[in-house]
file entry-v9.cif (mmCIF, C-alpha atoms)
data_my_file
loop_
_atom_site.label_atom_id
_atom_site.label_comp_id
_atom_site.auth_asym_id
_atom_site.auth_seq_id
_atom_site.Cartn_x
_atom_site.Cartn_y
_atom_site.Cartn_z
CA GLN A 1 3.77 -32.56 32.16
CA SER A 2 1.34 -30.56 30.06
CA VAL A 3 -1.44 -32.19 28.05
CA LEU A 4 -0.75 -29.96 25.05
CA THR A 5 2.77 -29.91 23.62
CA GLN A 6 4.58 -26.75 22.63
CA PRO A 7 8.23 -26.11 21.81
CA PRO A 8 9.90 -24.53 24.87
CA SER A 9 11.42 -21.72 22.87
CA ALA A 10 11.27 -19.80 19.61
CA SER A 11 13.12 -16.79 18.31
CA GLY A 12 13.29 -14.36 15.45
CA THR A 13 14.63 -10.99 14.44
CA PRO A 14 12.52 -7.84 14.10
CA GLY A 15 10.34 -7.98 11.00
CA GLN A 16 10.52 -11.76 10.66
CA ARG A 17 7.65 -14.22 10.77
CA VAL A 18 7.60 -16.75 13.59
CA THR A 19 5.34 -19.74 14.11
CA ILE A 20 4.62 -21.56 17.38
CA SER A 21 3.06 -25.00 17.27
CA CYS A 22 0.70 -26.70 19.70
CA SER A 23 0.06 -30.43 19.52
CA GLY A 24 -2.83 -32.14 21.22
CA SER A 25 -5.08 -35.14 20.73
CA SER A 26 -8.61 -36.15 19.88
CA PRO A 27 -10.33 -35.22 23.19
CA ASN A 28 -8.94 -31.68 23.16
CA ILE A 29 -7.79 -29.94 19.98
CA GLY A 30 -9.31 -32.69 17.85
CA SER A 31 -12.77 -31.95 19.28
CA ASN A 32 -12.68 -28.40 20.61
CA TYR A 33 -11.44 -24.94 19.80
CA VAL A 34 -7.92 -23.72 20.56
CA TYR A 35 -7.17 -20.58 22.54
CA TRP A 36 -3.89 -18.69 22.83
CA TYR A 37 -2.59 -16.56 25.68
CA GLN A 38 0.35 -14.17 25.76
CA GLN A 39 2.19 -13.63 29.03
CA VAL A 40 4.74 -10.87 29.37
CA PRO A 41 7.12 -11.58 32.28
CA THR A 42 5.72 -10.76 35.73
CA THR A 43 2.23 -10.11 34.37
CA ALA A 44 -0.91 -12.20 34.03
CA PRO A 45 -1.71 -14.03 30.79
CA LYS A 46 -3.69 -12.12 28.17
CA LEU A 47 -6.17 -13.70 25.76
CA LEU A 48 -4.69 -13.55 22.27
CA PHE A 49 -7.03 -15.81 20.30
CA TYR A 50 -10.32 -17.56 20.94
CA MET A 51 -12.11 -20.14 18.83
CA ASN A 52 -8.90 -20.99 16.92
CA ASN A 53 -8.44 -17.73 15.04
CA GLN A 54 -10.62 -14.99 16.50
CA ARG A 55 -8.74 -11.99 17.84
CA PRO A 56 -10.12 -9.97 20.76
CA SER A 57 -10.21 -6.26 20.10
CA GLY A 58 -6.80 -4.69 20.45
CA VAL A 59 -4.80 -7.67 19.22
CA PRO A 60 -2.86 -6.64 16.10
CA ASP A 61 -3.57 -8.47 12.88
CA ARG A 62 0.13 -9.36 12.73
CA PHE A 63 -1.00 -12.24 14.89
CA SER A 64 -2.87 -15.16 13.34
CA GLY A 65 -4.10 -18.49 14.61
CA SER A 66 -4.98 -21.74 12.90
CA GLN A 67 -6.02 -25.27 13.73
CA SER A 68 -5.91 -28.52 11.76
CA GLY A 69 -6.78 -31.92 13.13
CA THR A 70 -5.17 -32.28 16.54
CA SER A 71 -2.68 -29.44 16.11
CA ALA A 72 -2.74 -25.69 16.11
CA SER A 73 -0.32 -22.91 15.42
CA LEU A 74 0.20 -19.27 16.23
CA ALA A 75 1.96 -17.07 13.69
CA ILE A 76 3.41 -13.65 14.29
CA SER A 77 4.50 -11.62 11.29
CA GLY A 78 6.46 -8.38 11.34
CA LEU A 79 8.01 -9.41 14.64
CA ARG A 80 8.50 -6.59 17.13
CA SER A 81 10.45 -6.34 20.36
CA GLU A 82 7.25 -6.03 22.39
CA ASP A 83 6.18 -9.47 21.15
CA GLU A 84 8.80 -11.02 23.42
CA ALA A 85 6.75 -13.08 25.87
CA ASP A 86 5.60 -16.56 26.79
CA TYR A 87 2.80 -17.98 24.63
CA TYR A 88 0.41 -20.69 25.81
CA CYS A 89 -2.14 -22.70 23.88
CA ALA A 90 -5.24 -24.03 25.63
CA SER A 91 -8.26 -26.15 24.84
CA TRP A 92 -11.08 -27.97 26.58
CA ASP A 93 -10.45 -31.67 27.06
CA ASP A 94 -13.55 -33.84 26.87
CA SER A 95 -11.86 -36.78 28.62
CA LEU A 96 -10.56 -34.72 31.53
CA SER A 97 -13.66 -32.47 31.53
CA GLY A 98 -11.59 -29.35 31.96
CA TRP A 99 -9.25 -26.82 30.44
CA VAL A 100 -5.80 -28.05 29.45
CA PHE A 101 -2.79 -25.95 28.58
CA GLY A 102 0.46 -26.25 26.70
CA GLY A 103 3.72 -25.88 28.60
CA GLY A 104 4.36 -22.49 27.02
CA THR A 105 6.80 -21.22 24.41
CA LYS A 106 9.22 -18.46 25.28
CA LEU A 107 9.57 -16.15 22.29
CA THR A 108 12.79 -14.17 22.09
CA VAL A 109 13.19 -11.27 19.69
CA LEU A 110 16.87 -11.16 18.81
CA GLN B 111 -12.88 -3.30 31.68
CA VAL B 112 -13.53 -5.43 34.75
CA GLN B 113 -10.72 -5.57 37.30
CA LEU B 114 -9.87 -8.59 39.44
CA GLN B 115 -7.63 -8.66 42.51
CA GLU B 116 -6.53 -11.71 44.49
CA SER B 117 -5.86 -11.59 48.21
CA GLY B 118 -4.88 -14.05 50.89
CA PRO B 119 -1.95 -15.54 52.81
CA GLY B 120 1.28 -16.02 50.88
CA LEU B 121 2.46 -18.87 53.10
CA VAL B 122 0.51 -21.96 54.10
CA LYS B 123 1.73 -24.92 56.12
CA PRO B 124 1.53 -28.44 54.71
CA SER B 125 -1.74 -30.27 55.43
CA GLN B 126 -3.54 -26.97 56.09
CA THR B 127 -6.14 -25.19 53.94
CA LEU B 128 -5.24 -22.58 51.35
CA SER B 129 -7.81 -19.76 51.18
CA LEU B 130 -7.86 -16.98 48.61
CA THR B 131 -10.37 -14.30 47.66
CA CYS B 132 -10.85 -12.48 44.36
CA THR B 133 -12.50 -9.06 44.38
CA VAL B 134 -14.19 -7.96 41.17
CA SER B 135 -14.56 -4.26 40.39
CA ASP B 136 -15.37 -1.90 37.53
CA GLY B 137 -17.77 -4.38 36.01
CA PRO B 138 -20.81 -6.59 36.65
CA PHE B 139 -20.31 -9.55 38.93
CA TYR B 140 -23.77 -11.04 39.31
CA THR B 141 -24.78 -11.30 35.66
CA GLY B 142 -25.36 -14.13 33.29
CA GLY B 143 -22.59 -14.98 30.90
CA SER B 144 -19.67 -14.55 33.31
CA TYR B 145 -17.80 -17.49 34.77
CA TRP B 146 -15.41 -16.81 37.63
CA ASN B 147 -12.34 -19.02 37.50
CA TRP B 148 -9.23 -19.91 39.43
CA VAL B 149 -6.08 -20.83 37.52
CA ARG B 150 -2.67 -21.53 38.98
CA GLN B 151 0.80 -21.30 37.50
CA TYR B 152 3.61 -23.43 38.84
CA PRO B 153 7.13 -22.08 39.34
CA GLY B 154 8.18 -23.89 36.19
CA LYS B 155 5.58 -21.88 34.19
CA GLY B 156 2.91 -24.56 33.64
CA LEU B 157 -0.71 -23.43 33.92
CA GLU B 158 -3.46 -25.48 35.57
CA TRP B 159 -7.17 -24.68 35.60
CA ILE B 160 -8.78 -25.23 39.00
CA GLY B 161 -12.45 -24.51 38.43
CA TYR B 162 -15.18 -21.89 38.22
CA ILE B 163 -18.37 -20.60 39.78
CA ASP B 164 -21.02 -19.03 37.58
CA TYR B 165 -23.70 -16.40 38.06
CA SER B 166 -26.12 -18.99 39.43
CA ALA B 167 -23.54 -20.29 41.92
CA THR B 168 -23.05 -23.47 39.95
CA THR B 169 -19.51 -24.75 40.34
CA TYR B 170 -17.36 -26.84 38.06
CA TYR B 171 -14.00 -28.23 39.17
CA SER B 172 -10.96 -29.80 37.62
CA ARG B 173 -11.30 -33.53 37.97
CA SER B 174 -7.81 -33.82 39.43
CA LEU B 175 -8.50 -31.29 42.21
CA LYS B 176 -12.20 -31.81 42.78
CA SER B 177 -11.82 -33.67 46.07
CA ARG B 178 -9.83 -30.82 47.67
CA VAL B 179 -11.29 -27.67 46.13
CA THR B 180 -14.25 -25.45 46.93
CA ILE B 181 -15.15 -22.23 45.10
CA SER B 182 -17.78 -19.96 46.61
CA ARG B 183 -19.00 -16.40 46.15
CA ASP B 184 -20.23 -13.39 48.12
CA ILE B 185 -22.42 -11.28 45.83
CA SER B 186 -22.72 -8.43 48.34
CA LYS B 187 -18.95 -7.96 48.21
CA SER B 188 -18.46 -8.84 44.51
CA GLN B 189 -16.05 -11.54 45.60
CA PHE B 190 -15.45 -15.19 44.93
CA SER B 191 -13.17 -17.45 46.91
CA LEU B 192 -11.03 -20.54 46.62
CA LYS B 193 -10.27 -23.14 49.28
CA VAL B 194 -7.83 -25.98 48.75
CA THR B 195 -7.57 -28.47 51.58
CA SER B 196 -4.69 -30.72 52.65
CA VAL B 197 -2.08 -28.74 50.75
CA THR B 198 1.41 -30.01 49.98
CA ALA B 199 4.47 -28.43 48.42
CA ALA B 200 3.01 -29.38 45.03
CA ASP B 201 0.34 -26.71 45.57
CA THR B 202 2.96 -23.96 45.60
CA ALA B 203 2.09 -21.68 42.69
CA VAL B 204 0.93 -18.28 41.60
CA TYR B 205 -2.85 -18.30 41.86
CA TYR B 206 -4.87 -16.22 39.40
CA CYS B 207 -8.54 -15.42 39.35
CA ALA B 208 -9.95 -14.89 35.89
CA ARG B 209 -13.27 -14.16 34.21
CA GLY B 210 -14.57 -16.53 31.57
CA VAL B 211 -16.90 -15.09 28.94
CA GLY B 212 -18.27 -15.70 25.49
CA GLU B 213 -19.14 -19.09 24.15
CA TRP B 214 -18.45 -22.36 25.98
CA PRO B 215 -15.94 -23.19 27.37
CA TYR B 216 -15.78 -19.50 28.27
CA PRO B 217 -12.17 -18.37 27.67
CA PHE B 218 -10.51 -16.07 30.17
CA ASP B 219 -10.62 -12.46 29.01
CA SER B 220 -9.70 -10.72 32.28
CA TRP B 221 -7.19 -11.83 34.89
CA GLY B 222 -6.05 -10.68 38.29
CA GLN B 223 -2.38 -9.90 38.82
CA GLY B 224 -1.85 -13.21 40.59
CA THR B 225 -0.71 -14.02 44.10
CA LEU B 226 2.11 -16.36 45.04
CA VAL B 227 1.22 -19.03 47.58
CA THR B 228 4.05 -21.05 49.06
CA VAL B 229 3.36 -24.24 50.96
CA SER B 230 6.09 -24.74 53.54
CA SER B 231 6.51 -25.41 57.22
#

call {"tool": "encode", "arguments": {"input": "entry-v9.cif", "output": "structure tokens"}}
result
Amino acid sequence: QSVLTQPPSASGTPGQRVTISCSGSSPNIGSNYVYWYQQVPTTAPKLLFYMNNQRPSGVPDRFSGSQSGTSASLAISGLRSEDEADYYCASWDDSLSGWVFGGGTKLTVL
Amino acid sequence: QVQLQESGPGLVKPSQTLSLTCTVSDGPFYTGGSYWNWVRQYPGKGLEWIGYIDYSATTYYSRSLKSRVTISRDISKSQFSLKVTSVTAADTAVYYCARGVGEWPYPFDSWGQGTLVTVSS
């Protein structure tokens, strides 16, 4: 069971806006930044956001990240077929003294 | 962009030691600011951080795995390695090596392709 909680699935049609939530607690999201990873099937995860809402170069600005209290969310606007992937949130947990992850959300583009 | 590649046995017997190596290429290995991590992904998708070794050979392990894990490095070969002792079926996973960079806690900006390790007799 993952320390961070994500919905197992999300979906949308091309062009729509989709939001994926990530719920944590005080020692992790409540005290530290949130990071997001995108994993296309059969490939390694790719860093999508660092420090809550900072995009590495190459990540389209259709993607946005936010954090409030002990929760975070990832929003994708102008949904495209290539956005179909698993999305994971992550944070450092001060109580566990290590990285913790969400269980992942499978995004389907209908 | 730095490249990482995992290697090692795909099958390990229960109670034995799992050993994997990550080779780093096309980028600096022995420099400050890079943290060399192991992360595993269970068949059900969940990700688990195992630990890292930094440029000064300082290691930091997941509390839950600390008693069974060792991460080491070989600068001459631009490699770092993972050993997990006393493995059980619960250690079956895809194992990734990944580079951590930037500000603490050093998110993972480059990953290997991953290697599946199955623990079975």

call {"tool": "residues_around", "arguments": {"input": "entry-v9.cif", "residues": "Gly161 in chain B", "least_positions_apart": "2", "cutoff": "7 Å", "atoms": "all atoms listed in the file", "output": "ChimeraX atom specification"}}
result
/B:147-148,159,170-172

call {"tool": "resolve_selection", "arguments": {"input": "entry-v9.cif", "expression": "the PyMOL selection byres ((chain B) within 7 of (chain A))", "output": "count of residues only"}}
result
12

call {"tool": "resolve_selection", "arguments": {"input": "entry-v9.cif", "expression": "the PyMOL selection byres ((chain A and resi 13-17) around 12)", "output": "PyMOL selection string"}}
result
chain A and resi 10-12+18-20+62-64+74-84+107-110

call {"tool": "residues_around", "arguments": {"input": "entry-v9.cif", "residues": "Ser188 in chain B", "least_positions_apart": "6", "cutoff": "10 Å", "atoms": "all atoms listed in the file", "output": "ChimeraX atom specification"}}
result
/B:114,132-135,137-140

call {"tool": "resolve_selection", "arguments": {"input": "entry-v9.cif", "expression": "the PyMOL selection byres ((chain B and resi 226) around 8)", "output": "PDB file with C-alpha atoms, keeping the file's coordinate frame"}}
result
ATOM      1  CA  GLY B 120       1.280 -16.020  50.880  1.00  0.00           C
ATOM      2  CA  THR B 202       2.960 -23.960  45.600  1.00  0.00           C
ATOM      3  CA  ALA B 203       2.090 -21.680  42.690  1.00  0.00           C
ATOM      4  CA  VAL B 204       0.930 -18.280  41.600  1.00  0.00           C
ATOM      5  CA  TYR B 205      -2.850 -18.300  41.860  1.00  0.00           C
ATOM      6  CA  GLY B 224      -1.850 -13.210  40.590  1.00  0.00           C
ATOM      7  CA  THR B 225      -0.710 -14.020  44.100  1.00  0.00           C
ATOM      8  CA  VAL B 227       1.220 -19.030  47.580  1.00  0.00           C
ATOM      9  CA  THR B 228       4.050 -21.050  49.060  1.00  0.00           C
TER      10      THR B 228
END

call {"tool": "residues_near_point", "arguments": {"input": "entry-v9.cif", "point": "(-11.8, -5.1, 33.2)", "cutoff": "7 Å", "atoms": "all atoms listed in the file", "output": "PyMOL selection string"}}
result
chain B and resi 111-113+136-137+220

call {"tool": "axis_aligned_box", "arguments": {"input": "entry-v9.cif", "around": "range 114-121 of chain B", "padding_each_side": "8 Å", "output": "JSON"}}
result
{"center_x": -3.7, "center_y": -13.7, "center_z": 46.3, "size_x": 28.3, "size_y": 26.3, "size_z": 29.7}

call {"tool": "atom_distance", "arguments": {"input": "entry-v9.cif", "atom1": "CA of Asp93 in chain A", "atom2": "CA of Val194 in chain B"}}
result
22.6 Å

call {"tool": "closest_residue", "arguments": {"input": "entry-v9.cif", "among": "B:Arg150, B:Ser129, B:Ala199, B:Pro124", "to": "Ser182 in chain B", "atoms": "only C-alpha atoms"}}
result
B:Ser129

call {"tool": "residues_near_point", "arguments": {"input": "entry-v9.cif", "point": "(-10.8, -36.1, 24.4)", "cutoff": "7 Å", "atoms": "all atoms listed in the file", "output": "MDAnalysis selection string"}}
result
chainID A and resid 25:28 31 93:95

call {"tool": "atom_distance", "arguments": {"input": "entry-v9.cif", "atom1": "CA of Leu130 in chain B", "atom2": "CA of Phe190 in chain B"}}
result
8.6 Å

call {"tool": "atom_distance", "arguments": {"input": "entry-v9.cif", "atom1": "CA of Ser191 in chain B", "atom2": "CA of Ser57 in chain A"}}
result
29.2 Å

call {"tool": "closest_residue", "arguments": {"input": "entry-v9.cif", "among": "B:Ser117, B:Thr198, B:Ser144, B:Ser177", "to": "Pro217 in chain B", "atoms": "only C-alpha atoms"}}
result
B:Ser144

call {"tool": "residues_around", "arguments": {"input": "entry-v9.cif", "residues": "Tyr165 in chain B", "least_positions_apart": "2", "cutoff": "10 Å", "atoms": "only C-alpha atoms", "output": "mmCIF file with C-alpha atoms, in the coordinates of the input"}}
result
data_model
loop_
_atom_site.group_PDB
_atom_site.id
_atom_site.type_symbol
_atom_site.label_atom_id
_atom_site.label_comp_id
_atom_site.auth_asym_id
_atom_site.auth_seq_id
_atom_site.Cartn_x
_atom_site.Cartn_y
_atom_site.Cartn_z
ATOM 1 C CA PHE B 139 -20.310 -9.550 38.930
ATOM 2 C CA TYR B 140 -23.770 -11.040 39.310
ATOM 3 C CA THR B 141 -24.780 -11.300 35.660
ATOM 4 C CA GLY B 142 -25.360 -14.130 33.290
ATOM 5 C CA GLY B 143 -22.590 -14.980 30.900
ATOM 6 C CA SER B 144 -19.670 -14.550 33.310
ATOM 7 C CA TYR B 145 -17.800 -17.490 34.770
ATOM 8 C CA TRP B 146 -15.410 -16.810 37.630
ATOM 9 C CA ILE B 163 -18.370 -20.600 39.780
ATOM 10 C CA ALA B 167 -23.540 -20.290 41.920
ATOM 11 C CA THR B 168 -23.050 -23.470 39.950
ATOM 12 C CA THR B 169 -19.510 -24.750 40.340
ATOM 13 C CA ARG B 183 -19.000 -16.400 46.150
ATOM 14 C CA ILE B 185 -22.420 -11.280 45.830
#

call {"tool": "decode", "arguments": {"input": "entry-v9.cif", "residues": "range 166-180 of chain B", "atoms": "all heavy atoms", "output": "mmCIF file, in the first residue's frame"}}
result
data_model
loop_
_atom_site.group_PDB
_atom_site.id
_atom_site.type_symbol
_atom_site.label_atom_id
_atom_site.label_comp_id
_atom_site.auth_asym_id
_atom_site.auth_seq_id
_atom_site.Cartn_x
_atom_site.Cartn_y
_atom_site.Cartn_z
ATOM 1 N N SER B 166 30.626 11.411 -3.009
ATOM 2 C CA SER B 166 31.647 11.186 -1.985
ATOM 3 C C SER B 166 31.545 9.781 -1.396
ATOM 4 O O SER B 166 32.186 9.494 -0.385
ATOM 5 C CB SER B 166 31.492 12.221 -0.867
ATOM 6 O OG SER B 166 30.266 12.022 -0.175
ATOM 7 N N ALA B 167 30.740 8.945 -2.018
ATOM 8 C CA ALA B 167 30.525 7.562 -1.584
ATOM 9 C C ALA B 167 29.683 7.464 -0.321
ATOM 10 O O ALA B 167 29.609 6.401 0.293
ATOM 11 C CB ALA B 167 31.838 6.799 -1.409
ATOM 12 N N THR B 168 29.050 8.541 0.047
ATOM 13 C CA THR B 168 28.095 8.482 1.151
ATOM 14 C C THR B 168 26.825 7.784 0.681
ATOM 15 O O THR B 168 26.327 8.078 -0.404
ATOM 16 C CB THR B 168 27.749 9.898 1.637
ATOM 17 O OG1 THR B 168 28.938 10.523 2.124
ATOM 18 C CG2 THR B 168 26.715 9.847 2.751
ATOM 19 N N THR B 169 26.327 6.878 1.493
ATOM 20 C CA THR B 169 25.116 6.153 1.131
ATOM 21 C C THR B 169 23.957 6.528 2.042
ATOM 22 O O THR B 169 24.155 6.948 3.184
ATOM 23 C CB THR B 169 25.333 4.632 1.206
ATOM 24 O OG1 THR B 169 25.849 4.301 2.508
ATOM 25 C CG2 THR B 169 26.316 4.162 0.147
ATOM 26 N N TYR B 170 22.763 6.374 1.487
ATOM 27 C CA TYR B 170 21.550 6.661 2.251
ATOM 28 C C TYR B 170 20.514 5.646 1.799
ATOM 29 O O TYR B 170 20.224 5.540 0.608
ATOM 30 C CB TYR B 170 21.068 8.083 1.969
ATOM 31 C CG TYR B 170 20.126 8.622 3.013
ATOM 32 C CD1 TYR B 170 20.581 9.486 4.002
ATOM 33 C CD2 TYR B 170 18.775 8.281 3.013
ATOM 34 C CE1 TYR B 170 19.709 9.995 4.957
ATOM 35 C CE2 TYR B 170 17.918 8.771 3.963
ATOM 36 C CZ TYR B 170 18.375 9.637 4.938
ATOM 37 O OH TYR B 170 17.518 10.129 5.892
ATOM 38 N N TYR B 171 19.961 4.886 2.754
ATOM 39 C CA TYR B 171 19.069 3.792 2.414
ATOM 40 C C TYR B 171 17.661 4.007 2.956
ATOM 41 O O TYR B 171 17.451 4.648 3.993
ATOM 42 C CB TYR B 171 19.615 2.480 2.972
ATOM 43 C CG TYR B 171 20.991 2.105 2.485
ATOM 44 C CD1 TYR B 171 22.008 1.794 3.381
ATOM 45 C CD2 TYR B 171 21.277 2.041 1.125
ATOM 46 C CE1 TYR B 171 23.276 1.439 2.939
ATOM 47 C CE2 TYR B 171 22.535 1.693 0.672
ATOM 48 C CZ TYR B 171 23.533 1.393 1.583
ATOM 49 O OH TYR B 171 24.784 1.044 1.137
ATOM 50 N N SER B 172 16.714 3.386 2.247
ATOM 51 C CA SER B 172 15.356 3.312 2.765
ATOM 52 C C SER B 172 15.371 2.612 4.117
ATOM 53 O O SER B 172 16.026 1.588 4.296
ATOM 54 C CB SER B 172 14.479 2.523 1.781
ATOM 55 O OG SER B 172 13.299 2.081 2.403
ATOM 56 N N ARG B 173 14.649 3.168 5.041
ATOM 57 C CA ARG B 173 14.636 2.602 6.388
ATOM 58 C C ARG B 173 14.125 1.159 6.372
ATOM 59 O O ARG B 173 14.619 0.306 7.112
ATOM 60 C CB ARG B 173 13.769 3.465 7.285
ATOM 61 C CG ARG B 173 13.830 3.099 8.745
ATOM 62 C CD ARG B 173 13.038 4.085 9.578
ATOM 63 N NE ARG B 173 13.653 5.393 9.594
ATOM 64 C CZ ARG B 173 13.079 6.461 10.164
ATOM 65 N NH1 ARG B 173 11.896 6.377 10.715
ATOM 66 N NH2 ARG B 173 13.701 7.622 10.156
ATOM 67 N N SER B 174 13.178 0.881 5.505
ATOM 68 C CA SER B 174 12.576 -0.456 5.495
ATOM 69 C C SER B 174 13.507 -1.515 4.911
ATOM 70 O O SER B 174 13.328 -2.709 5.161
ATOM 71 C CB SER B 174 11.259 -0.433 4.714
ATOM 72 O OG SER B 174 11.494 -0.127 3.357
ATOM 73 N N LEU B 175 14.488 -1.111 4.127
ATOM 74 C CA LEU B 175 15.387 -2.061 3.474
ATOM 75 C C LEU B 175 16.811 -1.985 4.003
ATOM 76 O O LEU B 175 17.657 -2.802 3.622
ATOM 77 C CB LEU B 175 15.393 -1.807 1.968
ATOM 78 C CG LEU B 175 14.090 -2.109 1.232
ATOM 79 C CD1 LEU B 175 14.133 -1.531 -0.189
ATOM 80 C CD2 LEU B 175 13.853 -3.611 1.173
ATOM 81 N N LYS B 176 17.075 -1.048 4.869
ATOM 82 C CA LYS B 176 18.441 -0.738 5.276
ATOM 83 C C LYS B 176 19.231 -1.959 5.744
ATOM 84 O O LYS B 176 20.425 -2.083 5.465
ATOM 85 C CB LYS B 176 18.402 0.309 6.388
ATOM 86 C CG LYS B 176 19.744 0.849 6.792
ATOM 87 C CD LYS B 176 19.584 1.993 7.781
ATOM 88 C CE LYS B 176 20.927 2.597 8.129
ATOM 89 N NZ LYS B 176 20.788 3.765 9.034
ATOM 90 N N SER B 177 18.578 -2.873 6.441
ATOM 91 C CA SER B 177 19.300 -4.014 7.005
ATOM 92 C C SER B 177 19.744 -5.015 5.943
ATOM 93 O O SER B 177 20.601 -5.867 6.197
ATOM 94 C CB SER B 177 18.423 -4.727 8.036
ATOM 95 O OG SER B 177 17.263 -5.260 7.414
ATOM 96 N N ARG B 178 19.181 -4.935 4.728
ATOM 97 C CA ARG B 178 19.481 -5.932 3.701
ATOM 98 C C ARG B 178 20.164 -5.342 2.465
ATOM 99 O O ARG B 178 20.516 -6.078 1.551
ATOM 100 C CB ARG B 178 18.201 -6.634 3.245
ATOM 101 C CG ARG B 178 17.474 -7.398 4.331
ATOM 102 C CD ARG B 178 16.428 -8.330 3.728
ATOM 103 N NE ARG B 178 15.351 -7.616 3.065
ATOM 104 C CZ ARG B 178 14.929 -7.858 1.831
ATOM 105 N NH1 ARG B 178 15.503 -8.789 1.097
ATOM 106 N NH2 ARG B 178 13.917 -7.166 1.315
ATOM 107 N N VAL B 179 20.350 -4.044 2.427
ATOM 108 C CA VAL B 179 20.807 -3.391 1.197
ATOM 109 C C VAL B 179 22.195 -2.777 1.349
ATOM 110 O O VAL B 179 22.527 -2.201 2.390
ATOM 111 C CB VAL B 179 19.790 -2.289 0.790
ATOM 112 C CG1 VAL B 179 20.374 -1.371 -0.273
ATOM 113 C CG2 VAL B 179 18.499 -2.911 0.297
ATOM 114 N N THR B 180 22.985 -2.913 0.282
ATOM 115 C CA THR B 180 24.261 -2.215 0.185
ATOM 116 C C THR B 180 24.384 -1.626 -1.217
ATOM 117 O O THR B 180 24.155 -2.330 -2.203
ATOM 118 C CB THR B 180 25.450 -3.143 0.431
ATOM 119 O OG1 THR B 180 25.329 -3.744 1.722
ATOM 120 C CG2 THR B 180 26.771 -2.373 0.352
#
